[in-house]
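Q: Dropping in run_5.pdb, which is PDB, C-alpha atoms:
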ATOM      1  CA  MET M   1      72.011  91.534 102.976  1.00  0.00           C
ATOM      2  CA  THR M   2      73.756  93.845 100.536  1.00  0.00           C
ATOM      3  CA  LYS M   3      77.350  95.031 100.849  1.00  0.00           C
ATOM      4  CA  VAL M   4      77.838  98.540  99.504  1.00  0.00           C
ATOM      5  CA  GLU M   5      81.240 100.073  98.952  1.00  0.00           C
ATOM      6  CA  ILE M   6      81.422 103.857  98.823  1.00  0.00           C
ATOM      7  CA  ARG M   7      84.668 105.286  97.521  1.00  0.00           C
ATOM      8  CA  ILE M   8      85.240 108.955  98.283  1.00  0.00           C
ATOM      9  CA  GLU M   9      88.109 110.691  96.550  1.00  0.00           C
ATOM     10  CA  LEU M  10      89.239 114.268  96.156  1.00  0.00           C
ATOM     11  CA  LYS M  11      88.296 116.090  92.965  1.00  0.00           C
ATOM     12  CA  LYS M  12      91.028 116.875  90.462  1.00  0.00           C
ATOM     13  CA  GLY M  13      93.028 119.924  91.526  1.00  0.00           C
ATOM     14  CA  VAL M  14      92.091 119.723  95.210  1.00  0.00           C
ATOM     15  CA  ALA M  15      95.167 119.567  97.458  1.00  0.00           C
ATOM     16  CA  ASP M  16      95.791 116.232  99.184  1.00  0.00           C
ATOM     17  CA  PRO M  17      98.126 117.117 102.074  1.00  0.00           C
ATOM     18  CA  GLU M  18      97.918 113.623 103.548  1.00  0.00           C
ATOM     19  CA  GLY M  19      99.023 112.085 100.253  1.00  0.00           C
ATOM     20  CA  ARG M  20     101.762 114.645  99.858  1.00  0.00           C
ATOM     21  CA  ASN M  21     103.106 114.071 103.352  1.00  0.00           C
ATOM     22  CA  THR M  22     102.948 110.317 102.894  1.00  0.00           C
ATOM     23  CA  GLN M  23     105.022 110.687  99.728  1.00  0.00           C
ATOM     24  CA  LYS M  24     107.583 112.879 101.510  1.00  0.00           C
ATOM     25  CA  THR M  25     107.881 110.405 104.371  1.00  0.00           C
ATOM     26  CA  LEU M  26     108.277 107.458 101.988  1.00  0.00           C
ATOM     27  CA  GLU M  27     111.027 109.364 100.189  1.00  0.00           C
ATOM     28  CA  SER M  28     112.758 110.179 103.456  1.00  0.00           C
ATOM     29  CA  LEU M  29     112.740 106.438 104.172  1.00  0.00           C
ATOM     30  CA  GLY M  30     114.637 105.880 100.919  1.00  0.00           C
ATOM     31  CA  PHE M  31     111.849 104.970  98.501  1.00  0.00           C
ATOM     32  CA  THR M  32     112.395 106.396  95.016  1.00  0.00           C
ATOM     33  CA  GLY M  33     110.401 106.554  91.787  1.00  0.00           C
ATOM     34  CA  ILE M  34     107.156 107.717  93.419  1.00  0.00           C
ATOM     35  CA  SER M  35     105.388 110.226  91.186  1.00  0.00           C
ATOM     36  CA  LYS M  36     102.230 110.670  93.243  1.00  0.00           C
ATOM     37  CA  VAL M  37     100.444 109.461  96.366  1.00  0.00           C
ATOM     38  CA  SER M  38      96.685 110.014  96.641  1.00  0.00           C
ATOM     39  CA  THR M  39      94.480 109.110  99.573  1.00  0.00           C
ATOM     40  CA  VAL M  40      90.968 107.761  99.234  1.00  0.00           C
ATOM     41  CA  LYS M  41      88.346 107.117 101.886  1.00  0.00           C
ATOM     42  CA  LEU M  42      86.275 103.975 101.657  1.00  0.00           C
ATOM     43  CA  PHE M  43      83.113 103.064 103.549  1.00  0.00           C
ATOM     44  CA  GLU M  44      81.854  99.478 103.496  1.00  0.00           C
ATOM     45  CA  ILE M  45      78.222  99.419 104.529  1.00  0.00           C
ATOM     46  CA  ASP M  46      76.159  96.280 105.128  1.00  0.00           C
ATOM     47  CA  MET M  47      72.484  96.987 104.511  1.00  0.00           C
ATOM     48  CA  ASP M  48      69.422  94.812 105.075  1.00  0.00           C
ATOM     49  CA  MET M  49      67.745  95.507 101.741  1.00  0.00           C
ATOM     50  CA  PRO M  50      67.949  94.377  98.124  1.00  0.00           C
ATOM     51  CA  ALA M  51      70.815  95.641  95.964  1.00  0.00           C
ATOM     52  CA  GLU M  52      68.754  98.021  93.779  1.00  0.00           C
ATOM     53  CA  GLN M  53      67.358  99.784  96.843  1.00  0.00           C
ATOM     54  CA  ALA M  54      70.749  99.840  98.625  1.00  0.00           C
ATOM     55  CA  LYS M  55      72.343 101.718  95.750  1.00  0.00           C
ATOM     56  CA  GLY M  56      69.789 104.528  95.986  1.00  0.00           C
ATOM     57  CA  VAL M  57      70.078 104.701  99.762  1.00  0.00           C
ATOM     58  CA  ALA M  58      73.882 104.889  99.522  1.00  0.00           C
ATOM     59  CA  GLU M  59      73.550 107.727  97.009  1.00  0.00           C
ATOM     60  CA  ASP M  60      71.367 109.544  99.529  1.00  0.00           C
ATOM     61  CA  MET M  61      73.891 108.873 102.351  1.00  0.00           C
ATOM     62  CA  CYS M  62      76.651 110.443 100.270  1.00  0.00           C
ATOM     63  CA  ARG M  63      74.601 113.529  99.565  1.00  0.00           C
ATOM     64  CA  LYS M  64      73.447 113.956 103.159  1.00  0.00           C
ATOM     65  CA  LEU M  65      76.555 113.015 105.126  1.00  0.00           C
ATOM     66  CA  LEU M  66      79.463 111.079 103.690  1.00  0.00           C
ATOM     67  CA  ALA M  67      80.774 113.240 100.875  1.00  0.00           C
ATOM     68  CA  ASN M  68      81.520 116.926 100.521  1.00  0.00           C
ATOM     69  CA  PRO M  69      80.467 117.796  96.963  1.00  0.00           C
ATOM     70  CA  VAL M  70      82.656 120.897  96.895  1.00  0.00           C
ATOM     71  CA  ILE M  71      85.892 118.918  97.024  1.00  0.00           C
ATOM     72  CA  GLN M  72      84.997 115.219  96.732  1.00  0.00           C
ATOM     73  CA  ASN M  73      83.644 112.751  94.187  1.00  0.00           C
ATOM     74  CA  TYR M  74      82.038 109.478  95.200  1.00  0.00           C
ATOM     75  CA  LYS M  75      81.554 106.135  93.521  1.00  0.00           C
ATOM     76  CA  ILE M  76      79.153 103.505  94.789  1.00  0.00           C
ATOM     77  CA  SER M  77      79.509  99.809  94.052  1.00  0.00           C
ATOM     78  CA  VAL M  78      77.103  97.167  95.243  1.00  0.00           C
ATOM     79  CA  SER M  79      77.919  93.470  95.599  1.00  0.00           C
TER      80      SER M  79
ATOM     81  CA  MET P  80     104.254 104.116  85.090  1.00  0.00           C
ATOM     82  CA  THR P  81     102.497 101.704  87.411  1.00  0.00           C
ATOM     83  CA  LYS P  82      99.446 102.539  89.509  1.00  0.00           C
ATOM     84  CA  VAL P  83      99.398 100.676  92.806  1.00  0.00           C
ATOM     85  CA  GLU P  84      96.393 100.580  95.079  1.00  0.00           C
ATOM     86  CA  ILE P  85      97.009  99.761  98.729  1.00  0.00           C
ATOM     87  CA  ARG P  86      93.934  98.944 100.747  1.00  0.00           C
ATOM     88  CA  ILE P  87      94.384  99.096 104.512  1.00  0.00           C
ATOM     89  CA  GLU P  88      91.618  97.721 106.675  1.00  0.00           C
ATOM     90  CA  LEU P  89      91.226  96.897 110.323  1.00  0.00           C
ATOM     91  CA  LYS P  90      91.697  93.297 111.392  1.00  0.00           C
ATOM     92  CA  LYS P  91      88.659  91.325 112.521  1.00  0.00           C
ATOM     93  CA  GLY P  92      87.730  92.179 116.088  1.00  0.00           C
ATOM     94  CA  VAL P  93      89.487  95.548 116.161  1.00  0.00           C
ATOM     95  CA  ALA P  94      87.142  98.396 117.110  1.00  0.00           C
ATOM     96  CA  ASP P  95      86.275 100.818 114.315  1.00  0.00           C
ATOM     97  CA  PRO P  96      85.022 103.932 116.147  1.00  0.00           C
ATOM     98  CA  GLU P  97      84.828 105.969 112.954  1.00  0.00           C
ATOM     99  CA  GLY P  98      82.613 103.356 111.315  1.00  0.00           C
ATOM    100  CA  ARG P  99      80.483 103.075 114.435  1.00  0.00           C
ATOM    101  CA  ASN P 100      79.994 106.815 114.693  1.00  0.00           C
ATOM    102  CA  THR P 101      79.208 107.083 111.000  1.00  0.00           C
ATOM    103  CA  GLN P 102      76.528 104.414 111.473  1.00  0.00           C
ATOM    104  CA  LYS P 103      75.047 106.254 114.469  1.00  0.00           C
ATOM    105  CA  THR P 104      74.965 109.535 112.574  1.00  0.00           C
ATOM    106  CA  LEU P 105      73.341 107.920 109.527  1.00  0.00           C
ATOM    107  CA  GLU P 106      70.701 106.423 111.820  1.00  0.00           C
ATOM    108  CA  SER P 107      70.095 109.766 113.485  1.00  0.00           C
ATOM    109  CA  LEU P 108      69.482 111.176 110.003  1.00  0.00           C
ATOM    110  CA  GLY P 109      66.723 108.599 109.533  1.00  0.00           C
ATOM    111  CA  PHE P 110      68.519 105.847 107.604  1.00  0.00           C
ATOM    112  CA  THR P 111      67.415 102.359 108.623  1.00  0.00           C
ATOM    113  CA  GLY P 112      68.512  98.801 107.810  1.00  0.00           C
ATOM    114  CA  ILE P 113      72.235  99.428 108.323  1.00  0.00           C
ATOM    115  CA  SER P 114      73.865  96.421 109.938  1.00  0.00           C
ATOM    116  CA  LYS P 115      77.466  97.611 109.846  1.00  0.00           C
ATOM    117  CA  VAL P 116      79.688 100.456 108.654  1.00  0.00           C
ATOM    118  CA  SER P 117      83.419  99.798 108.238  1.00  0.00           C
ATOM    119  CA  THR P 118      86.054 102.306 107.218  1.00  0.00           C
ATOM    120  CA  VAL P 119      88.980 101.478 104.967  1.00  0.00           C
ATOM    121  CA  LYS P 120      91.989 103.575 104.061  1.00  0.00           C
ATOM    122  CA  LEU P 121      93.212 103.522 100.487  1.00  0.00           C
ATOM    123  CA  PHE P 122      96.465 104.823  99.052  1.00  0.00           C
ATOM    124  CA  GLU P 123      96.858 105.184  95.293  1.00  0.00           C
ATOM    125  CA  ILE P 124     100.531 105.400  94.425  1.00  0.00           C
ATOM    126  CA  ASP P 125     101.958 106.137  90.977  1.00  0.00           C
ATOM    127  CA  MET P 126     105.402 104.609  90.624  1.00  0.00           C
ATOM    128  CA  ASP P 127     107.949 104.913  87.822  1.00  0.00           C
ATOM    129  CA  MET P 128     108.827 101.234  87.605  1.00  0.00           C
ATOM    130  CA  PRO P 129     107.452  98.045  86.083  1.00  0.00           C
ATOM    131  CA  ALA P 130     104.482  96.345  87.738  1.00  0.00           C
ATOM    132  CA  GLU P 131     106.363  93.332  89.162  1.00  0.00           C
ATOM    133  CA  GLN P 132     108.845  95.613  90.923  1.00  0.00           C
ATOM    134  CA  ALA P 133     106.138  98.050  92.094  1.00  0.00           C
ATOM    135  CA  LYS P 134     104.306  95.277  93.917  1.00  0.00           C
ATOM    136  CA  GLY P 135     107.387  94.398  95.966  1.00  0.00           C
ATOM    137  CA  VAL P 136     108.117  98.041  96.725  1.00  0.00           C
ATOM    138  CA  ALA P 137     104.511  98.600  97.855  1.00  0.00           C
ATOM    139  CA  GLU P 138     104.794  95.556 100.146  1.00  0.00           C
ATOM    140  CA  ASP P 139     107.890  97.138 101.664  1.00  0.00           C
ATOM    141  CA  MET P 140     106.108 100.529 102.055  1.00  0.00           C
ATOM    142  CA  CYS P 141     103.303  98.833 103.998  1.00  0.00           C
ATOM    143  CA  ARG P 142     105.732  97.094 106.325  1.00  0.00           C
ATOM    144  CA  LYS P 143     107.832 100.200 106.926  1.00  0.00           C
ATOM    145  CA  LEU P 144     105.207 102.952 107.084  1.00  0.00           C
ATOM    146  CA  LEU P 145     101.684 102.595 105.773  1.00  0.00           C
ATOM    147  CA  ALA P 146     100.186  99.747 107.805  1.00  0.00           C
ATOM    148  CA  ASN P 147     100.198  98.868 111.472  1.00  0.00           C
ATOM    149  CA  PRO P 148     100.464  95.067 111.553  1.00  0.00           C
ATOM    150  CA  VAL P 149      99.055  94.876 115.079  1.00  0.00           C
ATOM    151  CA  ILE P 150      95.608  96.085 114.030  1.00  0.00           C
ATOM    152  CA  GLN P 151      95.578  96.336 110.224  1.00  0.00           C
ATOM    153  CA  ASN P 152      95.656  94.093 107.169  1.00  0.00           C
ATOM    154  CA  TYR P 153      96.724  95.352 103.772  1.00  0.00           C
ATOM    155  CA  LYS P 154      96.003  94.284 100.226  1.00  0.00           C
ATOM    156  CA  ILE P 155      98.019  95.489  97.253  1.00  0.00           C
ATOM    157  CA  SER P 156      96.694  95.581  93.707  1.00  0.00           C
ATOM    158  CA  VAL P 157      98.699  96.694  90.733  1.00  0.00           C
ATOM    159  CA  SER P 158      97.242  97.950  87.451  1.00  0.00           C
TER     160      SER P 158
END
Show me this structure written as structure tokens.
A:
Amino acid sequence: MTKVEIRIELKKGVADPEGRNTQKTLESLGFTGISKVSTVKLFEIDMDMPAEQAKGVAEDMCRKLLANPVIQNYKISVS
Amino acid sequence: MTKVEIRIELKKGVADPEGRNTQKTLESLGFTGISKVSTVKLFEIDMDMPAEQAKGVAEDMCRKLLANPVIQNYKISVS
């Protein structure tokens, strides 16, 4: 079994309202010195196939469903 | 500046409907051999303070806002 981690983050310059609001809320709670909060989505997928194959399949999953190429980048790591 | 990564995942045994639905949708698209899909939330926070201090502050942020200790575990890594 292969564990694949797919990390989906917003492209540079794309607004991250969730990160922004998280930062504002942290500041309202008294936290200081925060210059930026970014949010990232992670999928951990267990696949019944060898690692080399799993990487290609994960790539395909990103293209077909998991990532939106207009605003998101993805990184796949296999362990 | 210190970059802190906070990884928030569901505790063992807690239902992950988003992961489950993602798995179902991937299968309906023809993907096979998936044994599990889990979703993880990641916050990347840039803080203007040294690494040792940032780790403690991030710990505090998780307790006060970012994580729900009833259903979630968090892991903090500082770089």
Q: Lay chain P over chain M using all C-alpha atoms, matched one to one in order, with a least-squares fit; then write it out as a PDB file with C-alpha atoms, in the coordinates of the input.
A:
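Printed below is result_37.pdb as written:
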ATOM      1  CA  MET P  80      72.030  91.545 102.988  1.00  0.00           C
ATOM      2  CA  THR P  81      73.760  93.854 100.544  1.00  0.00           C
ATOM      3  CA  LYS P  82      77.355  95.034 100.842  1.00  0.00           C
ATOM      4  CA  VAL P  83      77.847  98.541  99.497  1.00  0.00           C
ATOM      5  CA  GLU P  84      81.242 100.080  98.940  1.00  0.00           C
ATOM      6  CA  ILE P  85      81.427 103.865  98.814  1.00  0.00           C
ATOM      7  CA  ARG P  86      84.665 105.286  97.514  1.00  0.00           C
ATOM      8  CA  ILE P  87      85.247 108.955  98.289  1.00  0.00           C
ATOM      9  CA  GLU P  88      88.110 110.690  96.556  1.00  0.00           C
ATOM     10  CA  LEU P  89      89.242 114.255  96.164  1.00  0.00           C
ATOM     11  CA  LYS P  90      88.294 116.082  92.988  1.00  0.00           C
ATOM     12  CA  LYS P  91      91.017 116.886  90.472  1.00  0.00           C
ATOM     13  CA  GLY P  92      92.998 119.929  91.536  1.00  0.00           C
ATOM     14  CA  VAL P  93      92.094 119.724  95.221  1.00  0.00           C
ATOM     15  CA  ALA P  94      95.165 119.566  97.470  1.00  0.00           C
ATOM     16  CA  ASP P  95      95.785 116.232  99.182  1.00  0.00           C
ATOM     17  CA  PRO P  96      98.114 117.105 102.087  1.00  0.00           C
ATOM     18  CA  GLU P  97      97.914 113.612 103.549  1.00  0.00           C
ATOM     19  CA  GLY P  98      99.009 112.072 100.255  1.00  0.00           C
ATOM     20  CA  ARG P  99     101.759 114.648  99.863  1.00  0.00           C
ATOM     21  CA  ASN P 100     103.097 114.059 103.349  1.00  0.00           C
ATOM     22  CA  THR P 101     102.942 110.304 102.899  1.00  0.00           C
ATOM     23  CA  GLN P 102     105.008 110.695  99.719  1.00  0.00           C
ATOM     24  CA  LYS P 103     107.575 112.879 101.506  1.00  0.00           C
ATOM     25  CA  THR P 104     107.875 110.409 104.364  1.00  0.00           C
ATOM     26  CA  LEU P 105     108.267 107.457 101.985  1.00  0.00           C
ATOM     27  CA  GLU P 106     111.019 109.368 100.185  1.00  0.00           C
ATOM     28  CA  SER P 107     112.745 110.177 103.453  1.00  0.00           C
ATOM     29  CA  LEU P 108     112.729 106.439 104.169  1.00  0.00           C
ATOM     30  CA  GLY P 109     114.646 105.892 100.928  1.00  0.00           C
ATOM     31  CA  PHE P 110     111.860 104.974  98.496  1.00  0.00           C
ATOM     32  CA  THR P 111     112.405 106.389  95.014  1.00  0.00           C
ATOM     33  CA  GLY P 112     110.390 106.544  91.783  1.00  0.00           C
ATOM     34  CA  ILE P 113     107.154 107.721  93.413  1.00  0.00           C
ATOM     35  CA  SER P 114     105.383 110.206  91.178  1.00  0.00           C
ATOM     36  CA  LYS P 115     102.228 110.669  93.232  1.00  0.00           C
ATOM     37  CA  VAL P 116     100.446 109.457  96.364  1.00  0.00           C
ATOM     38  CA  SER P 117      96.683 109.998  96.640  1.00  0.00           C
ATOM     39  CA  THR P 118      94.484 109.106  99.580  1.00  0.00           C
ATOM     40  CA  VAL P 119      90.968 107.751  99.236  1.00  0.00           C
ATOM     41  CA  LYS P 120      88.357 107.129 101.894  1.00  0.00           C
ATOM     42  CA  LEU P 121      86.272 103.987 101.671  1.00  0.00           C
ATOM     43  CA  PHE P 122      83.121 103.068 103.559  1.00  0.00           C
ATOM     44  CA  GLU P 123      81.859  99.488 103.493  1.00  0.00           C
ATOM     45  CA  ILE P 124      78.224  99.414 104.529  1.00  0.00           C
ATOM     46  CA  ASP P 125      76.150  96.283 105.131  1.00  0.00           C
ATOM     47  CA  MET P 126      72.485  96.992 104.510  1.00  0.00           C
ATOM     48  CA  ASP P 127      69.430  94.806 105.076  1.00  0.00           C
ATOM     49  CA  MET P 128      67.749  95.507 101.754  1.00  0.00           C
ATOM     50  CA  PRO P 129      67.958  94.374  98.141  1.00  0.00           C
ATOM     51  CA  ALA P 130      70.813  95.643  95.975  1.00  0.00           C
ATOM     52  CA  GLU P 131      68.755  98.001  93.772  1.00  0.00           C
ATOM     53  CA  GLN P 132      67.369  99.780  96.835  1.00  0.00           C
ATOM     54  CA  ALA P 133      70.748  99.836  98.627  1.00  0.00           C
ATOM     55  CA  LYS P 134      72.342 101.723  95.751  1.00  0.00           C
ATOM     56  CA  GLY P 135      69.779 104.523  95.984  1.00  0.00           C
ATOM     57  CA  VAL P 136      70.079 104.698  99.761  1.00  0.00           C
ATOM     58  CA  ALA P 137      73.887 104.886  99.519  1.00  0.00           C
ATOM     59  CA  GLU P 138      73.551 107.732  96.993  1.00  0.00           C
ATOM     60  CA  ASP P 139      71.372 109.548  99.512  1.00  0.00           C
ATOM     61  CA  MET P 140      73.886 108.873 102.349  1.00  0.00           C
ATOM     62  CA  CYS P 141      76.661 110.453 100.268  1.00  0.00           C
ATOM     63  CA  ARG P 142      74.597 113.545  99.549  1.00  0.00           C
ATOM     64  CA  LYS P 143      73.450 113.971 103.143  1.00  0.00           C
ATOM     65  CA  LEU P 144      76.559 113.015 105.120  1.00  0.00           C
ATOM     66  CA  LEU P 145      79.460 111.065 103.691  1.00  0.00           C
ATOM     67  CA  ALA P 146      80.776 113.238 100.858  1.00  0.00           C
ATOM     68  CA  ASN P 147      81.521 116.919 100.520  1.00  0.00           C
ATOM     69  CA  PRO P 148      80.466 117.796  96.964  1.00  0.00           C
ATOM     70  CA  VAL P 149      82.662 120.899  96.899  1.00  0.00           C
ATOM     71  CA  ILE P 150      85.898 118.911  97.023  1.00  0.00           C
ATOM     72  CA  GLN P 151      84.998 115.216  96.736  1.00  0.00           C
ATOM     73  CA  ASN P 152      83.649 112.748  94.194  1.00  0.00           C
ATOM     74  CA  TYR P 153      82.040 109.486  95.211  1.00  0.00           C
ATOM     75  CA  LYS P 154      81.571 106.146  93.520  1.00  0.00           C
ATOM     76  CA  ILE P 155      79.168 103.505  94.787  1.00  0.00           C
ATOM     77  CA  SER P 156      79.519  99.808  94.049  1.00  0.00           C
ATOM     78  CA  VAL P 157      77.106  97.182  95.225  1.00  0.00           C
ATOM     79  CA  SER P 158      77.903  93.482  95.603  1.00  0.00           C
TER      80      SER P 158
END
Q: Hey, which of M:Cys62, M:Ala67, M:Leu42, M:Val14 ends up closest to chain P? Count all atoms listed in the file.
A: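 Of M:Cys62, M:Ala67, M:Leu42, M:Val14, the one nearest chain P, counting all atoms listed in the file, is M:Leu42.
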Q: Give as a PyMOL selection string every residue of chain P that touches chain M within 9 Å, counting all atoms listed in the file.
A: chain P and resi 80+98+101-102+104-105+108+110-128+136+140+143-145
Q: One number please: atom CA of Gln53 of chain M to atom CA of Lys75 of chain M, in Å, one decimal.
A: 15.9 Å
Q: To test the calculation: enclose all listed atoms of segment 91-102 of chain P in a box whose edges run along x, y and z, add 8 Å on each side, then state centre and edge lengths in Å to one decimal, as lines of an AutoDock Vina configuration file.
A:
center_x = 83.0
center_y = 99.2
center_z = 114.1
size_x = 29.0
size_y = 31.8
size_z = 22.1
Q: Could you tell me how far atom CA of Asn147 of chain P lies from atom CA of Asp16 of chain M, in Å and to one decimal?
A: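 Between atom CA of Asn147 of chain P and atom CA of Asp16 of chain M the gap is 21.7 Å.
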Q: Could you please determine the separation between atom CA of Asn21 of chain M and atom CA of Ala130 of chain P in Å, to one decimal place?
A: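 So the answer is 23.7 Å.
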Q: Under the rule that all atoms listed in the file are counted, which of M:Glu59, M:Pro50, M:Leu10, M:Pro17 is the nearest residue to Ser77 of chain M?
A: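 Closest residue, counting all atoms listed in the file: M:Glu59.
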